[in-house]
Each structure stands twice: as structure tokens, then as C-alpha cells.
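Trainee: The structure file start_24.txt (compact mmCIF, C-alpha atoms) is provided below.
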# COMPACT_ATOMS: atom_id res chain seq x y z
CA MET K 1 -27.87 -32.81 -31.26
CA GLY K 2 -29.93 -35.42 -29.55
CA VAL K 3 -33.34 -34.14 -30.66
CA GLU K 4 -34.16 -37.36 -32.44
CA LYS K 5 -34.51 -39.42 -29.29
CA TYR K 6 -37.23 -37.10 -27.95
CA LEU K 7 -39.20 -37.40 -31.19
CA GLY K 8 -39.20 -41.18 -31.06
CA ASP K 9 -40.77 -43.05 -33.96
CA SER K 10 -43.58 -40.56 -34.43
CA ILE K 11 -41.73 -38.12 -36.66
CA PHE K 12 -39.38 -38.94 -39.49
CA ALA K 13 -36.86 -36.09 -39.24
CA THR K 14 -35.53 -35.66 -42.76
CA SER K 15 -35.25 -31.88 -42.93
CA LEU K 16 -34.56 -31.22 -39.28
CA SER K 17 -30.85 -30.81 -39.77
CA SER K 18 -31.27 -28.27 -42.53
CA VAL K 19 -33.55 -26.19 -40.30
CA ALA K 20 -31.24 -26.48 -37.31
CA ASN K 21 -28.17 -25.74 -39.41
CA TRP K 22 -29.88 -22.73 -40.92
CA ALA K 23 -30.49 -21.42 -37.40
CA ARG K 24 -26.99 -22.25 -36.24
CA LYS K 25 -25.17 -20.68 -39.15
CA GLY K 26 -27.14 -17.45 -38.84
CA SER K 27 -26.37 -16.90 -35.16
CA LEU K 28 -22.76 -17.80 -34.63
CA TRP K 29 -21.53 -16.21 -31.44
CA PRO K 30 -17.79 -15.73 -31.77
CA TYR K 31 -15.33 -15.98 -28.91
CA PRO K 32 -12.41 -13.76 -29.98
CA TYR K 33 -9.26 -15.31 -28.56
CA GLY K 34 -6.99 -12.41 -29.44
CA THR K 35 -3.29 -12.68 -28.66
CA ALA K 36 -1.66 -10.56 -31.39
CA CYS K 37 -2.23 -8.13 -34.25
CA CYS K 38 -4.95 -10.29 -35.88
CA SER K 39 -7.23 -9.25 -33.02
CA ILE K 40 -6.73 -5.59 -34.02
CA GLU K 41 -7.87 -6.62 -37.47
CA PHE K 42 -10.83 -8.38 -35.90
CA MET K 43 -11.89 -5.09 -34.30
CA SER K 44 -12.45 -3.63 -37.74
CA VAL K 45 -14.31 -6.79 -38.72
CA MET K 46 -16.64 -6.08 -35.82
CA CYS K 47 -17.04 -2.38 -36.64
CA SER K 48 -19.39 -0.82 -39.13
CA ASP K 49 -17.09 -0.68 -42.18
CA PHE K 50 -16.98 -4.45 -42.53
CA ASP K 51 -19.64 -5.37 -40.00
CA ILE K 52 -19.69 -9.03 -39.06
CA ALA K 53 -23.26 -8.41 -37.84
CA ARG K 54 -24.44 -8.81 -41.43
CA PHE K 55 -23.75 -12.53 -41.01
CA GLY K 56 -25.42 -12.89 -37.64
CA ALA K 57 -22.22 -12.98 -35.64
CA GLU K 58 -22.42 -9.54 -34.08
CA ARG K 59 -22.46 -10.72 -30.51
CA PRO K 60 -18.91 -11.38 -29.27
CA SER K 61 -19.15 -13.77 -26.38
CA PHE K 62 -16.43 -13.33 -23.81
CA SER K 63 -17.58 -16.41 -22.00
CA PRO K 64 -16.71 -19.68 -23.75
CA ARG K 65 -19.85 -21.28 -22.36
CA GLN K 66 -22.06 -19.10 -24.53
CA ALA K 67 -19.92 -19.15 -27.66
CA ASP K 68 -20.30 -21.25 -30.81
CA LEU K 69 -17.28 -20.06 -32.74
CA LEU K 70 -13.73 -19.88 -31.43
CA LEU K 71 -11.69 -17.30 -33.34
CA VAL K 72 -8.00 -17.81 -32.63
CA LEU K 73 -6.43 -14.46 -33.49
CA GLY K 74 -2.69 -14.51 -33.04
CA THR K 75 0.45 -16.26 -31.90
CA ILE K 76 -0.03 -19.11 -29.45
CA THR K 77 3.02 -19.90 -27.35
CA TYR K 78 3.55 -23.15 -25.48
CA LYS K 79 2.84 -21.24 -22.29
CA MET K 80 -0.50 -20.08 -23.73
CA ALA K 81 -1.49 -23.45 -25.22
CA PRO K 82 -3.15 -24.87 -22.03
CA VAL K 83 -5.36 -21.77 -21.82
CA LEU K 84 -6.52 -22.19 -25.40
CA TRP K 85 -7.11 -25.91 -24.88
CA ARG K 86 -9.17 -25.17 -21.81
CA VAL K 87 -11.24 -22.49 -23.56
CA TYR K 88 -12.00 -24.88 -26.41
CA HIS K 89 -13.05 -27.70 -24.13
CA THR K 90 -15.14 -25.36 -21.98
CA MET K 91 -17.26 -24.38 -25.01
CA SER K 92 -20.45 -26.38 -25.33
CA GLU K 93 -21.52 -28.19 -28.49
CA PRO K 94 -21.98 -27.33 -31.28
CA LYS K 95 -18.68 -25.49 -31.72
CA TRP K 96 -16.44 -24.47 -34.57
CA VAL K 97 -12.95 -23.02 -34.79
CA ILE K 98 -11.59 -20.43 -37.22
CA CYS K 99 -7.82 -20.15 -37.12
CA VAL K 100 -6.92 -16.62 -38.20
CA GLY K 101 -3.51 -15.65 -39.48
CA ALA K 102 -0.20 -17.32 -40.18
CA CYS K 103 0.88 -17.52 -36.53
CA ALA K 104 -2.11 -19.46 -35.28
CA SER K 105 -2.14 -21.70 -38.38
CA SER K 106 1.53 -22.65 -38.54
CA GLY K 107 3.58 -20.55 -36.14
CA GLY K 108 4.10 -18.11 -39.00
CA MET K 109 7.35 -16.21 -38.89
CA PHE K 110 7.85 -17.28 -35.28
CA ASP K 111 9.59 -20.54 -36.07
CA SER K 112 11.14 -20.43 -32.62
CA TYR K 113 11.62 -22.32 -29.39
CA ALA K 114 8.62 -20.79 -27.63
CA VAL K 115 5.81 -20.79 -30.20
CA LEU K 116 3.34 -23.59 -30.89
CA GLN K 117 3.67 -24.41 -34.60
CA GLY K 118 -0.04 -24.35 -35.36
CA ILE K 119 -2.99 -24.69 -33.02
CA ASP K 120 -4.17 -27.83 -34.84
CA ARG K 121 -1.60 -29.65 -32.72
CA ILE K 122 -3.88 -29.26 -29.72
CA ILE K 123 -7.44 -28.55 -30.97
CA PRO K 124 -9.35 -29.32 -34.19
CA VAL K 125 -9.73 -26.47 -36.69
CA ASP K 126 -12.54 -25.91 -39.23
CA MET K 127 -11.25 -22.99 -41.24
CA TYR K 128 -7.78 -21.52 -41.75
CA VAL K 129 -7.35 -17.89 -42.81
CA PRO K 130 -3.95 -17.07 -44.34
CA GLY K 131 -2.31 -13.67 -44.06
CA CYS K 132 -0.21 -11.68 -41.66
CA PRO K 133 -2.56 -10.23 -40.59
CA PRO K 134 -5.43 -11.14 -42.98
CA ARG K 135 -7.66 -8.43 -44.40
CA PRO K 136 -11.06 -8.14 -42.71
CA GLU K 137 -12.67 -9.37 -45.94
CA MET K 138 -10.75 -12.62 -45.57
CA MET K 139 -12.16 -13.21 -42.10
CA LEU K 140 -15.65 -12.55 -43.45
CA ASP K 141 -14.92 -14.92 -46.33
CA ALA K 142 -13.90 -17.58 -43.81
CA LEU K 143 -17.13 -17.00 -41.92
CA ILE K 144 -19.22 -17.37 -45.10
CA LYS K 145 -17.36 -20.57 -46.01
CA LEU K 146 -17.90 -21.86 -42.48
CA GLN K 147 -21.63 -21.10 -42.81
CA LYS K 148 -21.72 -23.16 -46.00
CA LYS K 149 -19.93 -25.97 -44.18
CA ILE K 150 -22.38 -25.79 -41.27
CA GLN K 151 -25.34 -25.97 -43.67
CA LYS K 152 -24.03 -29.28 -44.98
CA GLU K 153 -23.51 -30.83 -41.56
CA SER K 154 -25.74 -33.59 -40.26
CA LEU K 155 -27.19 -33.62 -36.78
CA ASN K 156 -26.20 -37.26 -36.60
CA ASP K 157 -22.64 -36.34 -37.37
CA PRO K 158 -20.50 -38.70 -35.31
CA LYS K 159 -18.13 -35.83 -34.49
CA TYR K 160 -20.51 -34.55 -31.83
CA GLN K 161 -20.58 -37.88 -30.08
CA GLU K 162 -16.85 -38.24 -30.57
CA ARG K 163 -16.14 -34.91 -28.98
CA SER K 164 -18.39 -35.53 -26.01
CA ASP K 165 -16.57 -38.80 -25.42
CA TYR K 166 -13.23 -37.10 -25.94
CA LEU K 167 -12.61 -35.85 -22.42
CA GLN K 168 -13.69 -39.16 -20.96
CA ARG K 169 -11.38 -40.99 -23.32
CA ILE K 170 -8.28 -38.90 -22.63
CA PHE K 171 -8.84 -39.30 -18.92
CA GLU K 172 -8.91 -43.05 -19.31
CA GLU K 173 -5.94 -43.12 -21.67
CA SER K 174 -3.72 -40.72 -19.79
CA ASP K 175 -4.45 -42.35 -16.43
CA ILE K 176 -4.55 -39.09 -14.53
CA GLU K 177 -4.47 -39.13 -10.76
CA VAL K 178 -6.79 -36.48 -9.35
CA LYS K 179 -5.47 -34.66 -6.30
CA LYS K 180 -7.95 -34.20 -3.46
CA MET U 1 14.68 19.24 -16.30
CA ARG U 2 17.37 17.81 -14.05
CA HIS U 3 20.66 16.56 -15.38
CA LEU U 4 23.51 14.51 -14.06
CA ASP U 5 26.25 16.64 -12.53
CA SER U 6 29.15 16.47 -14.99
CA SER U 7 31.78 15.76 -12.32
CA ALA U 8 29.73 13.05 -10.56
CA ASN U 9 30.97 10.14 -12.65
CA THR U 10 34.63 11.15 -12.36
CA SER U 11 34.44 11.52 -8.59
CA LEU U 12 32.58 8.21 -8.20
CA LEU U 13 35.20 6.47 -10.34
CA LYS U 14 38.02 7.92 -8.23
CA THR U 15 36.29 6.91 -4.98
CA ILE U 16 35.74 3.34 -6.18
CA GLN U 17 39.28 3.03 -7.48
CA SER U 18 40.76 4.19 -4.18
CA GLU U 19 38.41 2.38 -1.75
CA TRP U 20 38.07 -0.87 -3.70
CA SER U 21 41.57 -1.19 -5.15
CA GLY U 22 42.60 -4.84 -5.20
CA LYS U 23 39.04 -6.11 -4.75
CA ILE U 24 37.77 -5.24 -8.23
CA ILE U 25 39.12 -6.35 -11.58
CA ARG U 26 38.80 -2.96 -13.24
CA ALA U 27 36.79 0.26 -13.17
CA GLU U 28 36.40 2.80 -15.95
CA GLU U 29 34.10 5.44 -17.33
CA ASN U 30 32.34 4.40 -20.51
CA ARG U 31 29.54 6.23 -22.32
CA ASN U 32 28.69 8.58 -19.47
CA MET U 33 28.51 5.70 -17.02
CA VAL U 34 30.92 4.17 -14.52
CA VAL U 35 31.59 0.50 -15.30
CA VAL U 36 32.91 -1.79 -12.57
CA GLU U 37 34.03 -5.34 -13.22
CA LEU U 38 34.67 -7.61 -10.27
CA ASP U 39 34.64 -11.16 -8.98
CA LYS U 40 31.36 -12.66 -7.75
CA SER U 41 32.72 -13.01 -4.18
CA GLN U 42 32.76 -9.19 -3.86
CA LEU U 43 29.44 -8.60 -5.63
CA VAL U 44 27.05 -8.30 -2.70
CA ALA U 45 29.52 -6.14 -0.75
CA LEU U 46 29.98 -3.71 -3.64
CA MET U 47 26.25 -3.54 -4.38
CA GLY U 48 25.51 -2.78 -0.71
CA TYR U 49 28.23 -0.15 -0.72
CA LEU U 50 26.84 1.52 -3.86
CA LYS U 51 23.31 1.42 -2.48
CA ASP U 52 24.08 2.76 1.00
CA LYS U 53 26.98 5.15 0.39
CA HIS U 54 26.29 6.49 -3.09
CA GLY U 55 22.51 6.44 -3.26
CA PHE U 56 22.10 3.87 -6.06
CA ASP U 57 18.66 2.89 -4.80
CA MET U 58 17.20 1.37 -7.96
CA LEU U 59 18.12 -1.86 -9.72
CA MET U 60 17.23 -0.92 -13.29
CA ASP U 61 18.08 -4.23 -14.89
CA LEU U 62 19.87 -7.49 -14.36
CA THR U 63 20.85 -9.71 -17.22
CA ALA U 64 23.51 -12.06 -18.54
CA VAL U 65 25.57 -12.29 -21.70
CA ASP U 66 26.87 -15.46 -23.32
CA PHE U 67 30.34 -15.06 -24.85
CA LEU U 68 30.60 -18.59 -26.21
CA GLY U 69 33.68 -18.86 -28.43
CA LYS U 70 34.65 -15.23 -27.87
CA ARG U 71 36.05 -15.24 -24.34
CA ASP U 72 37.65 -17.79 -22.06
CA ILE U 73 35.15 -17.10 -19.30
CA ARG U 74 31.85 -17.86 -20.94
CA PHE U 75 29.18 -15.83 -19.15
CA GLU U 76 28.98 -12.32 -17.78
CA MET U 77 26.34 -11.00 -15.39
CA VAL U 78 25.45 -7.34 -15.97
CA TYR U 79 23.73 -5.16 -13.37
CA MET U 80 22.46 -1.67 -14.12
CA LEU U 81 21.97 0.61 -11.12
CA PHE U 82 20.35 4.03 -11.01
CA ALA U 83 20.46 6.77 -8.36
CA THR U 84 17.10 8.51 -8.35
CA LYS U 85 18.43 11.50 -6.36
CA ASN U 86 21.19 12.67 -8.68
CA LEU U 87 20.26 10.71 -11.85
CA GLN U 88 23.51 8.77 -11.92
CA ARG U 89 23.94 5.33 -13.45
CA VAL U 90 26.49 2.61 -12.89
CA ARG U 91 27.08 -0.75 -14.55
CA VAL U 92 28.48 -3.72 -12.64
CA LYS U 93 29.80 -6.77 -14.48
CA VAL U 94 30.66 -10.18 -13.07
CA PRO U 95 32.43 -12.77 -15.25
CA LEU U 96 31.13 -16.29 -14.66
CA GLY U 97 32.37 -19.64 -15.87
CA GLU U 98 29.98 -22.39 -16.93
CA GLY U 99 28.17 -24.01 -13.99
CA GLU U 100 29.22 -21.31 -11.51
CA LYS U 101 26.63 -19.86 -9.17
CA VAL U 102 26.24 -16.18 -8.44
CA PRO U 103 24.87 -14.67 -5.19
CA SER U 104 21.34 -13.34 -5.30
CA LEU U 105 20.65 -9.65 -4.68
CA ILE U 106 17.19 -10.16 -3.18
CA ASP U 107 18.32 -8.94 0.26
CA LEU U 108 19.23 -5.58 -1.29
CA TRP U 109 16.47 -5.23 -3.89
CA LYS U 110 13.29 -7.31 -3.74
CA GLY U 111 12.79 -6.53 -7.41
CA ALA U 112 15.71 -8.77 -8.28
CA ASN U 113 13.53 -11.84 -7.77
CA TRP U 114 11.96 -12.18 -11.22
CA PRO U 115 14.92 -10.93 -13.31
CA GLU U 116 17.09 -13.53 -11.60
CA ARG U 117 14.55 -16.23 -12.36
CA GLU U 118 14.48 -15.03 -15.96
CA VAL U 119 18.27 -15.32 -16.21
CA PHE U 120 18.07 -18.78 -14.66
CA ASP U 121 15.36 -19.77 -17.12
CA LEU U 122 16.92 -18.48 -20.34
CA MET U 123 20.63 -18.65 -19.53
CA GLY U 124 20.88 -21.43 -16.99
CA ILE U 125 22.81 -19.42 -14.39
CA GLU U 126 21.84 -20.37 -10.85
CA PHE U 127 21.57 -17.88 -8.01
CA GLU U 128 22.50 -18.63 -4.42
CA ASN U 129 20.04 -17.83 -1.61
CA HIS U 130 17.18 -17.29 -4.05
CA PRO U 131 13.81 -18.28 -2.49
CA LEU U 132 12.34 -19.87 -5.64
CA MET U 133 14.81 -20.87 -8.32
CA GLU U 134 12.30 -22.02 -10.94
CA ARG U 135 11.57 -21.18 -14.56
CA LEU U 136 9.77 -17.89 -15.10
CA ILE U 137 9.07 -17.62 -18.83
CA MET U 138 9.32 -21.05 -20.40
CA PRO U 139 6.81 -23.68 -19.28
CA ASP U 140 7.77 -26.23 -16.66
CA GLY U 141 9.30 -29.32 -18.19
CA TYR U 142 11.18 -27.33 -20.83
CA ILE U 143 14.60 -28.73 -21.66
CA GLY U 144 17.51 -26.38 -22.25
CA ASN U 145 18.16 -22.67 -21.89
CA PRO U 146 17.06 -20.92 -25.09
CA LEU U 147 19.20 -17.76 -24.93
CA ARG U 148 22.48 -19.67 -24.72
CA LYS U 149 24.49 -19.35 -27.90
CA ASP U 150 24.71 -23.11 -28.38
CA PHE U 151 20.91 -23.45 -28.34
CA PRO U 152 19.56 -23.78 -31.91
CA LEU U 153 17.80 -20.62 -33.10
CA LYS U 154 14.60 -22.41 -34.12
CA GLY U 155 14.54 -24.61 -31.06
CA ARG U 156 14.88 -28.37 -31.00
CA GLY U 157 11.23 -29.09 -31.81
CA GLU U 158 9.31 -28.44 -28.62
CA ASP U 159 6.21 -30.55 -29.26
CA TYR U 160 7.23 -32.87 -26.43
CA LEU U 161 5.90 -30.10 -24.18
CA ILE U 162 2.28 -30.46 -25.30
CA GLU U 163 1.55 -33.47 -23.13
CA SER U 164 3.07 -32.02 -19.97
CA ILE U 165 1.58 -28.52 -20.30
CA LEU U 166 -1.93 -29.87 -20.91
CA LEU U 167 -1.77 -32.30 -18.00
CA PRO U 168 -2.63 -29.80 -15.19
CA VAL U 169 -5.64 -28.52 -17.16
CA LYS U 170 -6.87 -32.05 -17.73
CA GLN U 171 -6.47 -32.80 -14.05
CA GLU U 172 -8.47 -29.74 -13.15
CA LEU U 173 -11.28 -30.57 -15.57
CA LYS U 174 -11.41 -34.13 -14.30
CA ALA U 175 -11.62 -32.95 -10.68
CA LYS U 176 -14.77 -31.02 -11.62
What is this structure when it is put down as C-alpha cells?

Mentor:
Amino acid sequence: MGVEKYLGDSIFATSLSSVANWARKGSLWPYPYGTACCSIEFMSVMCSDFDIARFGAERPSFSPRQADLLLVLGTITYKMAPVLWRVYHTMSEPKWVICVGACASSGGMFDSYAVLQGIDRIIPVDMYVPGCPPRPEMMLDALIKLQKKIQKESLNDPKYQERSDYLQRIFEESDIEVKK
Amino acid sequence: MRHLDSSANTSLLKTIQSEWSGKIIRAEENRNMVVVELDKSQLVALMGYLKDKHGFDMLMDLTAVDFLGKRDIRFEMVYMLFATKNLQRVRVKVPLGEGEKVPSLIDLWKGANWPEREVFDLMGIEFENHPLMERLIMPDGYIGNPLRKDFPLKGRGEDYLIESILLPVKQELKAK
């Protein structure tokens, strides 16, 4: 998170991550990336019967810049993959991904020439939800499990640094010429 | 509710058979619709004739069929026309061997642009005089034509695409 460098040597931040994680896990702003029937299921997750607001995620963010949680709800084709990749890399840290449904996790029944066989081929995933489509309770269960995972994270987790270096690294590796 | 005049198909069939005899392969009435089969060299002429003289002003659909292993001539282009004035339909078929090109119908119907690109993308049939003969549905860099019968049903494993489809996005992000 980078807070430590502002504190310097004056404060020994042992419990800082547990406080920050507590705040983060209770205010996850989801970005619903709905491409198929799982997003219909997500609508009922949002509505009062199941009510994702009970877990502090009631504010769907339709701008990736203000989202913490990317919910991939549906089939991702090869044509759609660059859009998803771009949305993920436009989100600012910290960010998590829940991969909802069989299609997003593995291509599902669409074992075909046009469908990406699992979004983990292009972006990292924190939580997979099985089902076609999954029940709303399963999405809430995934959210609760993700909250537990967030609570255990460390602010010094190298993954944050890794991810911020990621774009720089792929630019260097792929040797991309930028058109002007 | 308007209906198709019951004698319209019979009279259209007779007119086509008399005026186009020798230029078409066959013409018949099938399932309440006149079906004309002809060579690709006569296609644009017949389509213009149907549009101007018989009021078939709408190109409903344009597609191709792969008869691999079932017929000597592998492909067949199928055009569905519709006359909005008297609710008449006609089907035009063009048999096509592998690698043969077929003339584009963009001069007659502008709406033929994307269906022809779709056929080019999924079937690999090229159209002459088309302004932009590029893939429409599959991403650029895709290898093969997925609706051909000799294309494997599950694909060939398309993960080679990931690098090329992500490249433009990476370029854009880097430019920022």
C-alpha cells in the first residue's frame, strides 16, 4: 500500500494491515462485467432478497477506476478478451477478481473455436464460483470467502509491487513499437 | 393482414423460365417460394432483374452452405429476397467450387456488406468488388474458417490468438 514509507521509523506498524484489510473487505466496490446469464443472476444478488449490501458491496461501480472487485459474469470470447484485459489493468490497486460461472472459469459448455477457455489465461483470478449459472448464495459465499482472504493479506504483499511492475515489464518484454 | 397472392409465385416462375431460359440451371417452386439456381456469371444480372422488374427490394439474408463429401461442387451461396409490396419471397442459389470467387451485391443492396464479410470470415468464400474483404466476427489473426465442415468442431486450440489480440490494447496503454 505504501503507507509504511510515510510513517518512517517513528511507528512500528504491526496491526496496520489488519485495520486496512478490515476496511477494504467491508467496502468492496464490484465492477460487474456481465456478458451472459450469470449477470442476470447477479441482479438478484444485488436486489433485496439476497442483498449483497449486507457485505458492504452494494455500490456497483461501472467505472473500473473506482472498483475494487472485478466480477466476471459470463462467457468471454477471444474477441471480448482484450476488453476484459483492459478493464482489469485499468482498475487501480488493490483489486480482486471473482470468476463467476463455468464459462468464465473454463469455457464451460462452450468448448468451441471462439471462446476463451477460462479467463485465468489472461488475468489472475482470486475466487472461482462453479455453476451454470451459480445460485446467488454461491456468489455471496464467494464474496465471504474473498473477505476472509483479504483479511489475511499483508500490506507488504509482493503481489502489489509485482502488479504495478507488470505493465512496465510486458512492455519491455514484448518490445512494442508505439505509433505516433 | 396482407397475404401473398396465390398465383404470384406461379406467374413469377413462368416469367423467369421463359425470359431466362438457357441462362439459369433450374427454377422451381418449393415451399411457397420460387427457387432459382444459376451460375455466378449471371448472378448480378438476375438480382438486378428481380429487384427492378419484380419489386424484390429487400435482401433478407445471404449465406453459404458447405456440402463437403455430399456434392461434387462443394459450396453453395444462398440469397433470400423479399418483395415488401406484395410479400413475395424468392431464393437464389449459386453453386461454387473451392477457391472460386463470387461477385458482390453491394451495388444493388448496401446491406450486403456485412453478410458478405461474415461469409468470407466463416466460410472462406471471397467476394469480388467488395470494398473491405476482412474478417467480421473472428478476431484478426485467426487461422481457418470455422463453419467449414472440415474445421474441427472444438477448434484447433485458439490460444495462439491471445498474444495478437492483446497487442493493440497494450500499445494503446503504453501510448498513454

Trainee: Figure out the distance between atom CA of U:Ala175 and atom CA of K:Phe62, please, to one decimal in Å.

Mentor: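 About the pair atom CA of K:Phe62 and atom CA of U:Ala175: they are 24.1 Å apart.
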
Trainee: For chain K, list the residues within 6 Å of chain U, counting only C-alpha atoms, and write the list as a PDB file with C-alpha atoms, in the coordinates of the input.

Mentor:
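What ended up in out01.pdb:
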ATOM      1  CA  LYS K  79       2.840 -21.240 -22.290  1.00  0.00           C
ATOM      2  CA  PRO K  82      -3.150 -24.870 -22.030  1.00  0.00           C
ATOM      3  CA  ASP K 111       9.590 -20.540 -36.070  1.00  0.00           C
ATOM      4  CA  SER K 112      11.140 -20.430 -32.620  1.00  0.00           C
ATOM      5  CA  TYR K 113      11.620 -22.320 -29.390  1.00  0.00           C
ATOM      6  CA  VAL K 178      -6.790 -36.480  -9.350  1.00  0.00           C
TER       7      VAL K 178
END

Trainee: Edge lengths and centre, in Å to one decimal, as lines of an AutoDock Vina configuration file: that's what I need for the box along x, y and z that holds all listed atoms of stretch 130-136 of chain U plus 8 Å on each side.

Mentor:
center_x = 13.5
center_y = -19.7
center_z = -8.8
size_x = 23.4
size_y = 20.7
size_z = 28.6

Trainee: What is the atom CA of K:Glu41 to atom CA of K:Lys25 distance in Å?

Mentor: 22.4 Å

Trainee: Just want the 12 Å neighbourhood of K:Gly56, counted on all atoms listed in the file, with same-chain residues fewer than 2 positions away dropped. Output as a PyMOL selection string.

Mentor: chain K and resi 22-30+46+51-54+58-60+68-69+140+143-144+147

Trainee: What is the atom CA of K:Ile119 to atom CA of U:Ile143 distance in Å?

Mentor: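 Atom CA of U:Ile143 lies at a distance of 21.3 Å from atom CA of K:Ile119.
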
Trainee: Taking the point (29.9, 12.9, -23.1) as given in the file, collect each protein or nucleic acid residue that comes within 12 Å of it, counting only C-alpha atoms, and present the set as a PDB file with C-alpha atoms, keeping the file's coordinate frame.

Mentor:
ATOM      1  CA  LEU U   4      23.510  14.510 -14.060  1.00  0.00           C
ATOM      2  CA  ASP U   5      26.250  16.640 -12.530  1.00  0.00           C
ATOM      3  CA  SER U   6      29.150  16.470 -14.990  1.00  0.00           C
ATOM      4  CA  SER U   7      31.780  15.760 -12.320  1.00  0.00           C
ATOM      5  CA  ASN U   9      30.970  10.140 -12.650  1.00  0.00           C
ATOM      6  CA  THR U  10      34.630  11.150 -12.360  1.00  0.00           C
ATOM      7  CA  GLU U  29      34.100   5.440 -17.330  1.00  0.00           C
ATOM      8  CA  ASN U  30      32.340   4.400 -20.510  1.00  0.00           C
ATOM      9  CA  ARG U  31      29.540   6.230 -22.320  1.00  0.00           C
ATOM     10  CA  ASN U  32      28.690   8.580 -19.470  1.00  0.00           C
ATOM     11  CA  MET U  33      28.510   5.700 -17.020  1.00  0.00           C
TER      12      MET U  33
END

Trainee: If we count only C-alpha atoms and set the cut-off at 12 Å, which residues sit around U:Asp150, ignoring sequence neighbours fewer than 6 positions away in its own chain? Please answer as a list in words.

Mentor: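 Listed by chain and then number, they are Asp66, Phe67, Leu68, Gly69, Arg74, Met123, Gly144 and Arg156 of chain U.
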
Trainee: Between U:Gly55, U:Pro115, U:Gly97, U:Gly48, which residue has the minimum interatomic distance to U:Arg135, considering only C-alpha atoms?

Mentor: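 Checking each candidate against U:Arg135, we get U:Pro115 as the closest.
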
Trainee: For the point (4.2, -26.4, -32.5) in the file's frame, write as a list in words all residues with an atom no more than 7 Å away, counting all atoms listed in the file.

Mentor: Gly107, Val115, Leu116, Gln117, Gly118 and Arg121 of chain K; Glu158 and Asp159 of chain U

Trainee: Residues near U:Val90, anyone? I mean within 9 Å using only C-alpha atoms, not counting same-chain ones fewer than 6 positions away, as a list in words.

Mentor: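 Skipping anything fewer than 6 positions along the chain leaves Asn9, Met33, Val34, Val35, Val36, Phe56, Tyr79, Met80, Leu81, Phe82 and Ala83 of chain U.
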